[in-house]
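What follows is the content of final29.txt, which has compact mmCIF, C-alpha atoms:
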# COMPACT_ATOMS: atom_id res chain seq x y z
CA MET A 218 74.78 176.82 200.15
CA SER A 219 76.04 174.12 202.45
CA PRO A 220 78.88 175.20 204.73
CA LEU A 221 80.78 172.04 203.92
CA ARG A 222 83.92 172.67 201.90
CA ARG A 223 84.06 170.92 198.52
CA ARG A 224 86.98 170.10 196.24
CA ARG A 225 85.28 171.54 193.15
CA ARG A 226 82.51 173.91 192.30
CA PRO A 227 79.53 171.81 191.14
CA LEU A 228 77.91 172.64 187.81
CA LEU A 229 74.43 172.27 189.35
CA SER A 230 73.31 174.43 192.26
CA GLU A 231 71.98 172.82 195.41
CA ARG A 232 68.48 174.01 194.53
CA THR A 233 68.63 172.35 191.10
CA ALA A 234 70.23 169.25 192.56
CA PHE A 235 67.36 168.93 195.04
CA TRP A 236 64.78 168.73 192.26
CA VAL A 237 66.98 166.34 190.29
CA GLN A 238 67.17 163.97 193.24
CA ALA A 239 63.45 164.31 193.94
CA SER A 240 62.88 163.18 190.35
CA VAL A 241 65.35 160.31 190.82
CA LEU A 242 63.32 159.04 193.77
CA VAL A 243 60.09 159.14 191.75
CA VAL A 244 61.64 157.51 188.66
CA LEU A 245 63.30 154.71 190.64
CA MET A 246 59.96 153.89 192.23
CA ALA A 247 58.23 154.15 188.85
CA ALA A 248 60.74 151.70 187.39
CA SER A 249 60.03 149.28 190.22
CA SER A 250 56.27 149.23 189.56
CA ALA A 251 56.36 149.44 185.74
CA PRO A 252 56.73 145.65 185.23
CA SER A 253 53.75 144.77 187.45
CA PRO A 254 50.96 145.41 184.87
CA LEU A 255 52.98 143.45 182.31
CA TYR A 256 53.25 140.23 184.33
CA PRO A 257 50.03 138.70 182.94
CA VAL A 258 51.28 139.47 179.41
CA TYR A 259 54.58 137.73 180.13
CA GLN A 260 52.67 134.84 181.72
CA ALA A 261 50.50 134.44 178.61
CA MET A 262 53.58 134.57 176.37
CA TRP A 263 55.73 132.13 178.33
CA GLY A 264 53.15 130.01 180.17
CA PHE A 265 54.52 130.05 183.72
CA PRO A 266 52.25 129.40 186.80
CA PRO A 267 51.01 132.13 189.21
CA VAL A 268 53.61 131.23 191.85
CA VAL A 269 56.34 132.39 189.46
CA LEU A 270 54.76 135.85 189.46
CA THR A 271 55.18 136.09 193.20
CA VAL A 272 58.76 134.78 192.97
CA ILE A 273 59.57 137.52 190.45
CA PHE A 274 58.03 140.07 192.78
CA ALA A 275 59.76 138.69 195.89
CA ALA A 276 63.15 138.66 194.13
CA TYR A 277 62.96 142.45 193.93
CA VAL A 278 61.83 142.96 197.51
CA LEU A 279 64.37 140.61 199.09
CA ALA A 280 67.25 142.05 197.03
CA LEU A 281 66.15 145.54 198.06
CA LEU A 282 66.01 144.48 201.69
CA VAL A 283 69.53 143.04 201.63
CA ALA A 284 70.90 146.14 199.88
CA LEU A 285 69.14 148.42 202.34
CA LEU A 286 70.67 146.59 205.30
CA VAL A 287 74.16 146.34 203.82
CA ALA A 288 74.54 149.66 201.98
CA GLY A 289 72.05 151.82 203.88
CA SER A 290 74.70 153.95 205.61
CA LEU A 291 77.49 153.62 203.02
CA SER A 292 76.96 157.15 201.69
CA ASP A 293 77.77 158.53 205.16
CA HIS A 294 81.32 157.30 204.54
CA LEU A 295 81.85 157.49 200.76
CA GLY A 296 79.60 160.46 199.96
CA ARG A 297 76.11 160.68 198.45
CA ARG A 298 77.10 160.99 194.79
CA PRO A 299 79.29 157.86 194.44
CA VAL A 300 76.59 155.62 195.92
CA LEU A 301 73.83 157.18 193.83
CA LEU A 302 75.87 156.98 190.63
CA SER A 303 76.53 153.29 191.22
CA ALA A 304 72.85 152.63 191.96
CA LEU A 305 71.67 154.48 188.86
CA ALA A 306 74.18 152.60 186.69
CA LEU A 307 72.91 149.28 188.07
CA GLU A 308 69.31 150.33 187.44
CA LEU A 309 70.24 151.02 183.81
CA VAL A 310 71.65 147.51 183.52
CA ALA A 311 68.35 146.17 184.89
CA MET A 312 66.47 148.04 182.14
CA LEU A 313 68.69 146.37 179.53
CA VAL A 314 67.98 142.94 181.01
CA PHE A 315 64.22 143.64 180.84
CA ILE A 316 64.58 144.65 177.19
CA GLY A 317 66.39 141.42 176.34
CA ALA A 318 64.27 139.14 178.54
CA GLY A 319 62.96 135.97 176.92
CA SER A 320 61.96 133.92 179.95
CA ALA A 321 60.78 134.17 183.55
CA GLY A 322 64.37 133.59 184.67
CA ALA A 323 65.49 136.78 182.95
CA LEU A 324 62.71 138.71 184.67
CA ILE A 325 63.93 137.38 188.03
CA VAL A 326 67.48 138.53 187.23
CA ALA A 327 66.23 141.98 186.20
CA ARG A 328 64.20 142.31 189.39
CA LEU A 329 67.18 141.25 191.52
CA LEU A 330 69.30 143.96 189.90
CA GLN A 331 66.51 146.48 190.41
CA GLY A 332 66.20 145.51 194.05
CA VAL A 333 69.89 146.01 194.75
CA ALA A 334 69.93 149.34 192.91
CA THR A 335 66.83 150.67 194.66
CA GLY A 336 67.88 149.41 198.09
CA ALA A 337 71.28 151.07 197.76
CA ALA A 338 69.71 154.30 196.54
CA VAL A 339 66.69 154.92 198.80
CA GLY A 340 68.56 155.58 202.03
CA THR A 341 71.11 157.75 200.26
CA LEU A 342 68.40 159.65 198.38
CA GLY A 343 66.53 160.30 201.61
CA ALA A 344 69.63 161.72 203.27
CA TYR A 345 70.64 163.69 200.16
CA LEU A 346 67.22 165.36 199.87
CA ILE A 347 67.38 166.42 203.51
CA ASP A 348 70.96 167.67 203.00
CA LEU A 349 69.81 169.82 200.07
CA GLU A 350 66.41 170.99 201.34
CA GLN A 351 67.76 174.17 202.96
CA ALA A 352 68.38 175.55 199.46
CA VAL A 353 64.68 175.10 198.62
CA ARG A 354 62.57 175.01 201.78
CA PRO A 355 63.25 173.43 205.18
CA GLY A 356 61.20 170.28 205.63
CA LEU A 357 60.60 169.73 201.90
CA GLY A 358 63.03 166.82 201.82
CA THR A 359 61.03 165.03 204.48
CA VAL A 360 57.83 165.60 202.50
CA PHE A 361 59.33 164.08 199.34
CA ASN A 362 60.73 161.14 201.28
CA GLY A 363 57.21 160.36 202.45
CA ALA A 364 55.23 161.02 199.28
CA GLY A 365 57.72 160.31 196.47
CA PRO A 366 57.65 156.50 196.62
CA GLY A 367 53.85 156.23 196.44
CA LEU A 368 53.58 158.76 193.64
CA GLY A 369 56.38 157.07 191.72
CA LEU A 370 54.83 153.62 192.09
CA ALA A 371 51.55 155.00 190.78
CA ALA A 372 53.18 156.76 187.82
CA GLY A 373 55.11 153.64 186.82
CA ALA A 374 52.09 151.37 186.90
CA VAL A 375 49.82 153.77 184.99
CA GLY A 376 52.48 154.74 182.47
CA SER A 377 53.37 151.13 181.74
CA SER A 378 49.71 150.22 181.30
CA LEU A 379 49.04 153.13 178.96
CA LEU A 380 52.02 152.31 176.78
CA VAL A 381 51.07 148.65 176.44
CA ALA A 382 47.43 149.52 175.81
CA ALA A 383 48.45 151.95 173.06
CA ALA A 384 51.03 149.61 171.54
CA PRO A 385 50.34 146.01 172.63
CA GLY A 386 53.40 144.62 170.86
CA SER A 387 55.85 147.08 172.44
CA LEU A 388 56.68 145.58 175.82
CA HIS A 389 60.17 147.07 175.62
CA LEU A 390 59.07 150.68 175.12
CA VAL A 391 58.54 151.43 178.82
CA TYR A 392 62.05 150.17 179.66
CA LEU A 393 63.59 152.21 176.84
CA LEU A 394 61.91 155.38 178.10
CA LEU A 395 62.85 154.72 181.70
CA GLY A 396 66.41 153.95 180.67
CA ALA A 397 66.67 157.25 178.79
CA VAL A 398 65.43 159.23 181.80
CA LEU A 399 67.75 157.34 184.17
CA ALA A 400 70.72 158.07 181.91
CA LEU A 401 69.94 161.79 182.04
CA GLN A 402 69.57 161.64 185.82
CA LEU A 403 72.89 159.83 186.14
CA VAL A 404 74.61 162.67 184.25
CA ALA A 405 72.81 165.31 186.34
CA THR A 406 73.81 163.54 189.56
CA ALA A 407 77.44 163.50 188.44
CA LEU A 408 77.27 167.27 187.93
CA GLY A 409 75.66 167.97 191.31
CA PRO A 410 77.19 168.94 194.65
CA GLU A 411 78.49 166.56 197.31
CA THR A 412 77.05 167.24 200.76
CA THR A 413 79.17 164.93 202.93
CA SER A 414 82.88 164.46 203.46
CA ARG A 415 84.53 161.08 203.21
CA LYS A 416 85.23 159.41 206.51
CA PRO A 417 86.62 156.01 207.55
CA GLY A 418 84.45 153.03 208.43
CA ALA A 419 82.93 152.20 205.05
CA LEU A 420 83.66 148.46 205.37
CA ALA A 421 82.37 148.33 208.94
CA SER A 422 79.15 150.05 207.82
CA LEU A 423 78.40 147.10 205.53
CA VAL A 424 77.68 144.85 208.51
CA PRO A 425 73.85 144.68 208.89
CA ARG A 426 72.49 145.86 212.23
CA VAL A 427 68.84 145.37 213.11
CA ARG A 428 67.52 146.24 216.55
CA PHE A 429 64.69 148.09 218.23
CA PRO A 430 65.89 150.47 220.96
CA ARG A 431 64.71 149.45 224.42
CA ALA A 432 62.46 152.51 224.80
CA THR A 433 60.47 151.55 221.69
CA ARG A 434 59.99 147.82 222.20
CA ARG A 435 56.71 147.88 224.13
CA THR A 436 55.12 150.25 221.62
CA ALA A 437 56.55 148.26 218.71
CA LEU A 438 54.66 145.16 219.84
CA TRP A 439 51.28 146.73 219.08
CA VAL A 440 52.10 149.29 216.38
CA LEU A 441 54.28 147.17 214.06
CA PRO A 442 51.30 145.07 212.91
CA ALA A 443 50.18 148.29 211.18
CA ALA A 444 53.37 148.23 209.11
CA VAL A 445 52.85 144.54 208.42
CA ALA A 446 49.25 145.13 207.33
CA THR A 447 50.04 148.03 204.98
CA TRP A 448 53.09 146.47 203.37
CA SER A 449 51.35 143.11 203.04
CA LEU A 450 48.61 144.90 201.15
CA GLY A 451 51.24 146.39 198.85
CA GLY A 452 52.61 142.91 198.24
CA LEU A 453 49.17 141.60 197.33
CA VAL A 454 48.44 144.42 194.88
CA LEU A 455 51.83 144.39 193.16
CA SER A 456 52.09 140.59 192.85
CA LEU A 457 48.61 139.03 192.51
CA ASP A 458 46.42 141.97 191.47
CA PRO A 459 47.40 141.78 187.77
CA SER A 460 46.04 138.22 187.62
CA LEU A 461 42.99 139.14 189.73
CA ILE A 462 42.08 142.03 187.44
CA ARG A 463 42.57 139.79 184.43
CA SER A 464 40.13 137.29 185.95
CA LEU A 465 37.56 140.05 186.64
CA ALA A 466 37.83 142.13 183.47
CA GLY A 467 39.28 139.77 180.89
CA PRO A 468 42.64 139.56 179.08
CA GLN A 469 42.42 143.13 177.71
CA ALA A 470 42.63 144.70 181.19
CA VAL A 471 46.28 145.80 181.13
CA LEU A 472 45.35 149.47 181.56
CA LEU A 473 42.95 148.70 184.41
CA THR A 474 45.69 146.72 186.14
CA GLY A 475 47.94 149.77 186.18
CA LEU A 476 45.11 151.97 187.40
CA VAL A 477 44.44 149.64 190.34
CA VAL A 478 48.11 149.70 191.36
CA ALA A 479 48.00 153.50 191.09
CA ALA A 480 44.78 153.61 193.11
CA LEU A 481 46.63 152.04 196.03
CA THR A 482 50.06 153.69 195.81
CA GLY A 483 48.95 157.07 194.47
CA THR A 484 46.21 157.43 197.06
CA GLY A 485 48.73 156.41 199.70
CA GLY A 486 51.16 159.10 198.56
CA VAL A 487 48.49 161.79 198.58
CA ALA A 488 47.29 160.67 202.03
CA THR A 489 50.84 160.97 203.32
CA LEU A 490 51.09 164.54 202.01
CA MET A 491 47.75 165.54 203.54
CA LEU A 492 48.28 163.89 206.93
CA GLY A 493 51.91 164.79 207.53
CA SER A 494 51.16 167.21 210.37
CA ALA A 495 48.18 165.40 211.93
CA ARG A 496 48.33 163.74 215.34
CA PRO A 497 49.60 160.15 215.15
CA SER A 498 46.53 158.78 216.95
CA VAL A 499 44.26 160.36 214.34
CA VAL A 500 46.43 159.10 211.46
CA LEU A 501 46.56 155.61 212.93
CA GLY A 502 42.80 155.38 213.50
CA LEU A 503 42.08 156.68 210.00
CA GLY A 504 44.62 154.34 208.44
CA MET A 505 43.41 151.18 210.15
CA GLY A 506 39.76 152.09 209.61
CA ALA A 507 40.41 152.67 205.90
CA LEU A 508 42.19 149.31 205.67
CA ILE A 509 39.25 147.51 207.27
CA VAL A 510 36.69 149.19 205.01
CA GLY A 511 38.85 148.80 201.92
CA MET A 512 39.56 145.11 202.45
CA GLY A 513 35.89 144.50 203.24
CA GLY A 514 35.03 146.11 199.92
CA THR A 515 37.66 143.98 198.20
CA VAL A 516 36.09 140.80 199.55
CA GLY A 517 32.67 141.98 198.38
CA ALA A 518 34.02 142.85 194.93
CA LEU A 519 35.64 139.45 194.48
CA ALA A 520 32.50 137.66 195.67
CA LEU A 521 30.33 139.67 193.25
CA GLY A 522 32.86 139.76 190.43
CA SER A 523 32.61 143.58 190.30
CA THR A 524 35.57 145.42 188.80
CA VAL A 525 34.12 148.84 189.74
CA LEU A 526 33.71 147.89 193.40
CA TYR A 527 37.21 146.37 193.42
CA PHE A 528 38.70 149.63 192.13
CA ALA A 529 36.73 151.75 194.65
CA ALA A 530 37.77 149.47 197.52
CA THR A 531 41.41 149.78 196.48
CA ILE A 532 41.19 153.58 196.63
CA VAL A 533 39.85 153.38 200.19
CA ALA A 534 42.53 150.85 201.12
CA GLY A 535 45.11 153.21 199.62
CA VAL A 536 44.29 155.77 202.30
CA GLY A 537 45.06 153.08 204.87
CA PHE A 538 48.21 152.15 202.96
CA GLY A 539 49.64 155.66 203.26
CA ALA A 540 48.23 156.66 206.63
CA GLY A 541 49.00 153.37 208.35
CA PHE A 542 52.73 153.41 207.68
CA LEU A 543 52.99 157.14 208.34
CA ALA A 544 51.43 156.54 211.76
CA VAL A 545 53.99 153.82 212.56
CA LEU A 546 56.84 156.25 211.94
CA ARG A 547 55.13 159.12 213.78
CA ILE A 548 54.56 156.97 216.85
CA LEU A 549 57.84 155.05 217.02
CA MET A 550 60.46 157.55 215.90
CA PRO A 551 59.98 160.16 218.67
CA GLN A 552 60.40 157.44 221.31
CA ALA A 553 63.96 156.67 220.26
CA ASP A 554 67.04 158.64 221.19
CA PRO A 555 68.18 160.70 218.16
CA ARG A 556 71.33 158.57 217.93
CA GLU A 557 69.19 155.43 217.63
CA ARG A 558 66.68 156.59 215.03
CA ALA A 559 68.60 155.41 211.95
CA GLY A 560 68.85 151.92 213.40
CA LEU A 561 65.18 151.99 214.39
CA LEU A 562 64.13 153.04 210.89
CA SER A 563 66.19 150.21 209.37
CA ALA A 564 64.52 147.72 211.72
CA VAL A 565 61.06 148.99 210.75
CA TYR A 566 61.91 148.60 207.07
CA VAL A 567 63.19 145.07 207.64
CA VAL A 568 59.83 144.10 209.13
CA SER A 569 57.97 145.98 206.40
CA TYR A 570 59.78 144.47 203.43
CA LEU A 571 59.49 140.98 204.87
CA ALA A 572 55.75 141.61 205.22
CA ASN A 573 55.76 142.87 201.63
CA SER A 574 57.29 139.70 200.19
CA VAL A 575 56.79 136.60 202.36
CA PRO A 576 52.95 136.65 202.47
CA ALA A 577 52.82 137.43 198.74
CA VAL A 578 54.98 134.41 197.89
CA ALA A 579 52.87 132.21 200.17
CA ALA A 580 49.72 133.54 198.52
CA GLY A 581 51.10 132.69 195.09
CA ALA A 582 51.66 129.11 196.16
CA LEU A 583 48.24 128.91 197.84
CA ALA A 584 46.54 130.29 194.72
CA GLN A 585 47.51 127.13 192.84
CA GLU A 586 45.65 125.04 195.43
CA ILE A 587 42.49 127.04 196.17
CA GLY A 588 42.37 129.64 193.37
CA LEU A 589 43.19 133.34 193.06
CA LYS A 590 39.92 134.74 194.43
CA ALA A 591 39.82 132.49 197.48
CA THR A 592 43.45 133.33 198.22
CA ALA A 593 42.83 137.08 197.90
CA ILE A 594 39.80 136.86 200.20
CA SER A 595 41.87 135.01 202.83
CA TYR A 596 44.69 137.54 202.43
CA SER A 597 42.22 140.41 202.92
CA GLY A 598 40.97 138.76 206.10
CA MET A 599 44.54 138.62 207.43
CA ILE A 600 44.99 142.36 206.82
CA VAL A 601 41.71 143.16 208.59
CA ALA A 602 42.78 141.02 211.58
CA LEU A 603 46.09 142.89 211.82
CA ALA A 604 44.31 146.25 211.68
CA LEU A 605 42.01 145.19 214.52
CA VAL A 606 45.04 144.11 216.60
CA VAL A 607 46.55 147.57 216.12
CA LEU A 608 43.34 149.35 217.11
CA ALA A 609 43.05 147.17 220.20
CA GLY A 610 46.66 147.88 221.13
CA ALA A 611 46.14 151.62 220.68
CA THR A 612 43.11 151.48 222.98
CA LEU A 613 44.80 149.46 225.71
CA ARG A 614 48.27 151.06 225.72
CA PRO A 615 49.26 152.98 228.86
CA HIS A 616 49.48 156.79 228.72
CA ARG A 617 52.05 158.65 230.80
CA PRO A 618 51.82 162.23 229.55
CA GLY A 619 53.49 163.75 232.59
CA SER A 620 56.81 161.98 232.42
CA ALA A 621 59.97 163.99 231.88
CA LEU A 622 61.11 161.46 229.29
CA LEU A 623 58.00 162.05 227.19
CA ARG A 624 58.46 165.83 227.45
CA ARG A 625 62.03 165.53 226.14
CA ARG A 626 60.90 163.31 223.29
CA THR A 627 58.06 165.67 222.48
CA ALA A 628 60.55 168.50 222.03
CA ALA A 629 62.75 166.29 219.86
CA ALA A 630 59.73 165.21 217.80
CA VAL A 631 58.68 168.79 217.12
CA ALA A 632 62.21 169.63 216.02
CA SER A 633 62.23 166.70 213.58
CA HIS A 634 58.72 167.33 212.17
CA CYS A 635 57.35 164.19 213.88
CA PRO A 636 54.49 165.32 216.16
CA PRO A 637 54.20 162.77 218.97
CA ASP A 638 50.96 161.27 220.17
Would you write out, as structure tokens, the structure that this file holds?
Amino acid sequence: MSPLRRRRRPLLSERTAFWVQASVLVVLMAASSAPSPLYPVYQAMWGFPPVVLTVIFAAYVLALLVALLVAGSLSDHLGRRPVLLSALALELVAMLVFIGAGSAGALIVARLLQGVATGAAVGTLGAYLIDLEQAVRPGLGTVFNGAGPGLGLAAGAVGSSLLVAAAPGSLHLVYLLLGAVLALQLVATALGPETTSRKPGALASLVPRVRFPRATRRTALWVLPAAVATWSLGGLVLSLDPSLIRSLAGPQAVLLTGLVVAALTGTGGVATLMLGSARPSVVLGLGMGALIVGMGGTVGALALGSTVLYFAATIVAGVGFGAGFLAVLRILMPQADPRERAGLLSAVYVVSYLANSVPAVAAGALAQEIGLKATAISYSGMIVALALVVLAGATLRPHRPGSALLRRRTAAAVASHCPPD
């Protein structure tokens, strides 16, 4: 049990609470991806252009980004449970808006609510899992922080697709099921332990702070394009892929759409689990190589009109999706002073979420001018170019293995499960 003194004895043990919060992370991510396979269905029902799809997608990402910046450290002051309870309640409201949606505008509102809820929750969930991991196994919280989002995104996309394929007229069913699970998790969270004490400074913590520590800036110049490449790929798959799959496989391809989303995010989650202890240089090379091969296969699939090749290429790209971002964190985080790592992580996520949304919105607008396939091919070329920039930077960067500073950071990296390169 945590040595922190608590005002009441919680009804759930720390071990049980850990698994509850691990499930919350997966379900929140599943809820965020569940609407993606349904976008073409909504588009056919309400007749809005492709650019609206990317606006709906970007509404979620930008709201999440703002919430992450503003509320990311709020639980350090108010406690984990109050922030998580508020986020889960807001996510439930988003499910109700989805159920009652009758226009693209309602979908945008629902995605905005989802973005705020998820952005407020993810940082708190990450800290809460690490707070509770000692009751289960040291290091397990870090593993779930890395793999949970990808696995949740995959589960949401596949589950949504299966439900709509089984019952085409039941668009609301997925939101009803998610809402029921979220309600149970809200109750379980209320019964769980608190792992932090309240402290002053909650209002001051709401002021966004984004900066890269001085020691990381030179490395960030060449390694951050890997984050941009991987998160841009996620933006492409979650925003335009439903329409692309529809164009390749026909209007009955709702299930295939979910499987393609899962091929990217699920493969990324599994890659993260498998590569968690590998050297960053190996992870980075594998990630960028997989991105290049995967996007090359995507271009070939679109040129040939092959759904099978498109799916296979997405699986390969999924390895790059997971490994590429993992490498960014493995390389950058050990270079920062421990007191600067939270700020560094926030800055990395700012870059990543902007890369996730801005190119996707631009692609949606471009698709109206040159078509979906031509836009996706151009987008794939951009991702390949970014991967090549990263590989070039990794080759040309200076190595100073004998410095005392690197030795100190190596020791810190080992202690925090982040093996340095």
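Considering the residues A:Ala288, A:Leu457, A:Val477, A:Ala306 and counting all atoms listed in the file, Val269 in chain A has its shortest atom-to-atom contact with A:Leu457.
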Each range 277-381 of chain A residue no farther than 8 Å from range 254-258 of chain A, nearest pair in Å, all atoms listed in the file, as a Markdown table:
| residue | atom | partner | partner_atom | distance |
| --- | --- | --- | --- | --- |
| A:Ala374 | CA | A:Pro254 | CA | 6.4 |
| A:Ser377 | CA | A:Pro254 | CA | 7.0 |
| A:Ser378 | CA | A:Pro254 | CA | 6.1 |
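The space separating CA of Leu329 in chain A from CA of Thr406 in chain A comes to 23.3 Å.
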Tell me which protein, DNA and RNA residues are within 9 Å of range 587-591 of chain A, counting all atoms listed in the file, leaving out same-chain ones fewer than 3 positions away, and put them as a JSON list (two decimals) with C-alpha atoms, in the coordinates of the input.
[["chain", "number", "residue", "atom", "x", "y", "z"],
["A", 267, "PRO", "CA", 51.01, 132.13, 189.21],
["A", 457, "LEU", "CA", 48.61, 139.03, 192.51],
["A", 460, "SER", "CA", 46.04, 138.22, 187.62],
["A", 461, "LEU", "CA", 42.99, 139.14, 189.73],
["A", 464, "SER", "CA", 40.13, 137.29, 185.95],
["A", 516, "VAL", "CA", 36.09, 140.80, 199.55],
["A", 519, "LEU", "CA", 35.64, 139.45, 194.48],
["A", 520, "ALA", "CA", 32.50, 137.66, 195.67],
["A", 580, "ALA", "CA", 49.72, 133.54, 198.52],
["A", 581, "GLY", "CA", 51.10, 132.69, 195.09],
["A", 583, "LEU", "CA", 48.24, 128.91, 197.84],
["A", 584, "ALA", "CA", 46.54, 130.29, 194.72],
["A", 594, "ILE", "CA", 39.80, 136.86, 200.20],
["A", 595, "SER", "CA", 41.87, 135.01, 202.83],
["A", 596, "TYR", "CA", 44.69, 137.54, 202.43]]
Near-range 481-493 of chain A list (8 Å; only C-alpha atoms; drop same-chain fewer than 4 positions) as a ChimeraX atom specification: /A:360,363-372,451,454,477,500,531-532,534-540,543
Considering all atoms listed in the file, return as a compact mmCIF listing (two decimals) with C-alpha atoms, keeping the file's coordinate frame whatever protein or nucleic-acid residues lie within 9 Å of Leu228 in chain A, sequence-local ones (same chain, fewer than 2 positions apart) excluded.
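result18.txt was written with the following content:
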# COMPACT_ATOMS: atom_id res chain seq x y z
CA ARG A 226 82.51 173.91 192.30
CA SER A 230 73.31 174.43 192.26
CA LEU A 408 77.27 167.27 187.93
CA GLY A 409 75.66 167.97 191.31
CA PRO A 410 77.19 168.94 194.65
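Take the candidates A:Gly332, A:Gly322, A:Gly517, A:Pro252 and check each one against Ala304 in chain A using only C-alpha atoms; the shortest distance goes to A:Gly332.
Closest approach to Ala400 in chain A from the set A:Leu245, A:Arg297, A:Leu388, A:Leu282 is made by A:Leu245, with distances taken over only C-alpha atoms.
Atom pair CA of Val278 in chain A / CA of Ser249 in chain A has a distance of 9.8 Å (rounded to one decimal).
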Shell of 6 Å around Ala446 in chain A, all atoms listed in the file, local chain residues under 4 positions omitted, as a PyMOL selection string: chain A and resi 442+600+603
Take CA of Gly319 in chain A and CA of Val578 in chain A and report the distance between them in Å, one decimal. 22.5 Å
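Shortest atom-to-atom contact with Gly506 in chain A among A:Leu305, A:Val601, A:Ala544, A:Ala480: A:Val601, counting all atoms listed in the file.
Considering all atoms listed in the file, the residue among A:Leu465, A:Val545, A:Ala321, A:Leu301 positioned nearest to Leu342 in chain A is A:Leu301.
Each of A:Ile316, A:Ile509, A:Ala276, A:Ala344 was compared to Leu330 in chain A using all atoms listed in the file, and A:Ala276 turns out to be the nearest.
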For a cutoff of 9 Å around the file-coordinate point (38.4, 149.5, 184.2), which residues qualify once you count all atoms listed in the file? I'd like the result as a PyMOL selection string. chain A and resi 462+466+470+472-474+476-477+524-525+528
Please, could N, CA and C atoms be added to range 492-509 of chain A and the result written as an mmCIF file, keeping the file's coordinate frame?
data_model
loop_
_atom_site.group_PDB
_atom_site.id
_atom_site.type_symbol
_atom_site.label_atom_id
_atom_site.label_comp_id
_atom_site.auth_asym_id
_atom_site.auth_seq_id
_atom_site.Cartn_x
_atom_site.Cartn_y
_atom_site.Cartn_z
ATOM 1 N N LEU A 492 48.332 164.219 205.510
ATOM 2 C CA LEU A 492 48.280 163.890 206.930
ATOM 3 C C LEU A 492 49.610 164.076 207.646
ATOM 4 N N GLY A 493 50.571 164.693 206.955
ATOM 5 C CA GLY A 493 51.910 164.790 207.530
ATOM 6 C C GLY A 493 51.985 165.502 208.859
ATOM 7 N N SER A 494 51.094 166.452 209.117
ATOM 8 C CA SER A 494 51.160 167.210 210.370
ATOM 9 C C SER A 494 50.056 166.823 211.357
ATOM 10 N N ALA A 495 49.271 165.804 211.031
ATOM 11 C CA ALA A 495 48.180 165.400 211.930
ATOM 12 C C ALA A 495 48.719 164.596 213.112
ATOM 13 N N ARG A 496 47.923 164.526 214.171
ATOM 14 C CA ARG A 496 48.330 163.740 215.340
ATOM 15 C C ARG A 496 48.425 162.263 214.979
ATOM 16 N N PRO A 497 49.425 161.563 215.491
ATOM 17 C CA PRO A 497 49.600 160.150 215.150
ATOM 18 C C PRO A 497 48.380 159.295 215.485
ATOM 19 N N SER A 498 47.690 159.588 216.596
ATOM 20 C CA SER A 498 46.530 158.780 216.950
ATOM 21 C C SER A 498 45.420 158.914 215.913
ATOM 22 N N VAL A 499 45.261 160.132 215.381
ATOM 23 C CA VAL A 499 44.260 160.360 214.340
ATOM 24 C C VAL A 499 44.658 159.631 213.054
ATOM 25 N N VAL A 500 45.930 159.748 212.680
ATOM 26 C CA VAL A 500 46.430 159.100 211.460
ATOM 27 C C VAL A 500 46.289 157.585 211.564
ATOM 28 N N LEU A 501 46.634 157.057 212.744
ATOM 29 C CA LEU A 501 46.560 155.610 212.930
ATOM 30 C C LEU A 501 45.113 155.119 212.837
ATOM 31 N N GLY A 502 44.201 155.790 213.540
ATOM 32 C CA GLY A 502 42.800 155.380 213.500
ATOM 33 C C GLY A 502 42.220 155.460 212.093
ATOM 34 N N LEU A 503 42.548 156.541 211.378
ATOM 35 C CA LEU A 503 42.080 156.680 210.000
ATOM 36 C C LEU A 503 42.668 155.595 209.112
ATOM 37 N N GLY A 504 43.963 155.335 209.276
ATOM 38 C CA GLY A 504 44.620 154.340 208.440
ATOM 39 C C GLY A 504 44.058 152.945 208.650
ATOM 40 N N MET A 505 43.915 152.534 209.900
ATOM 41 C CA MET A 505 43.410 151.180 210.150
ATOM 42 C C MET A 505 41.937 151.058 209.774
ATOM 43 N N GLY A 506 41.165 152.123 210.023
ATOM 44 C CA GLY A 506 39.760 152.090 209.610
ATOM 45 C C GLY A 506 39.620 151.978 208.100
ATOM 46 N N ALA A 507 40.452 152.737 207.363
ATOM 47 C CA ALA A 507 40.410 152.670 205.900
ATOM 48 C C ALA A 507 40.818 151.289 205.404
ATOM 49 N N LEU A 508 41.787 150.669 206.060
ATOM 50 C CA LEU A 508 42.190 149.310 205.670
ATOM 51 C C LEU A 508 41.031 148.329 205.854
ATOM 52 N N ILE A 509 40.354 148.430 206.985
ATOM 53 C CA ILE A 509 39.250 147.510 207.270
ATOM 54 C C ILE A 509 38.130 147.683 206.245
#
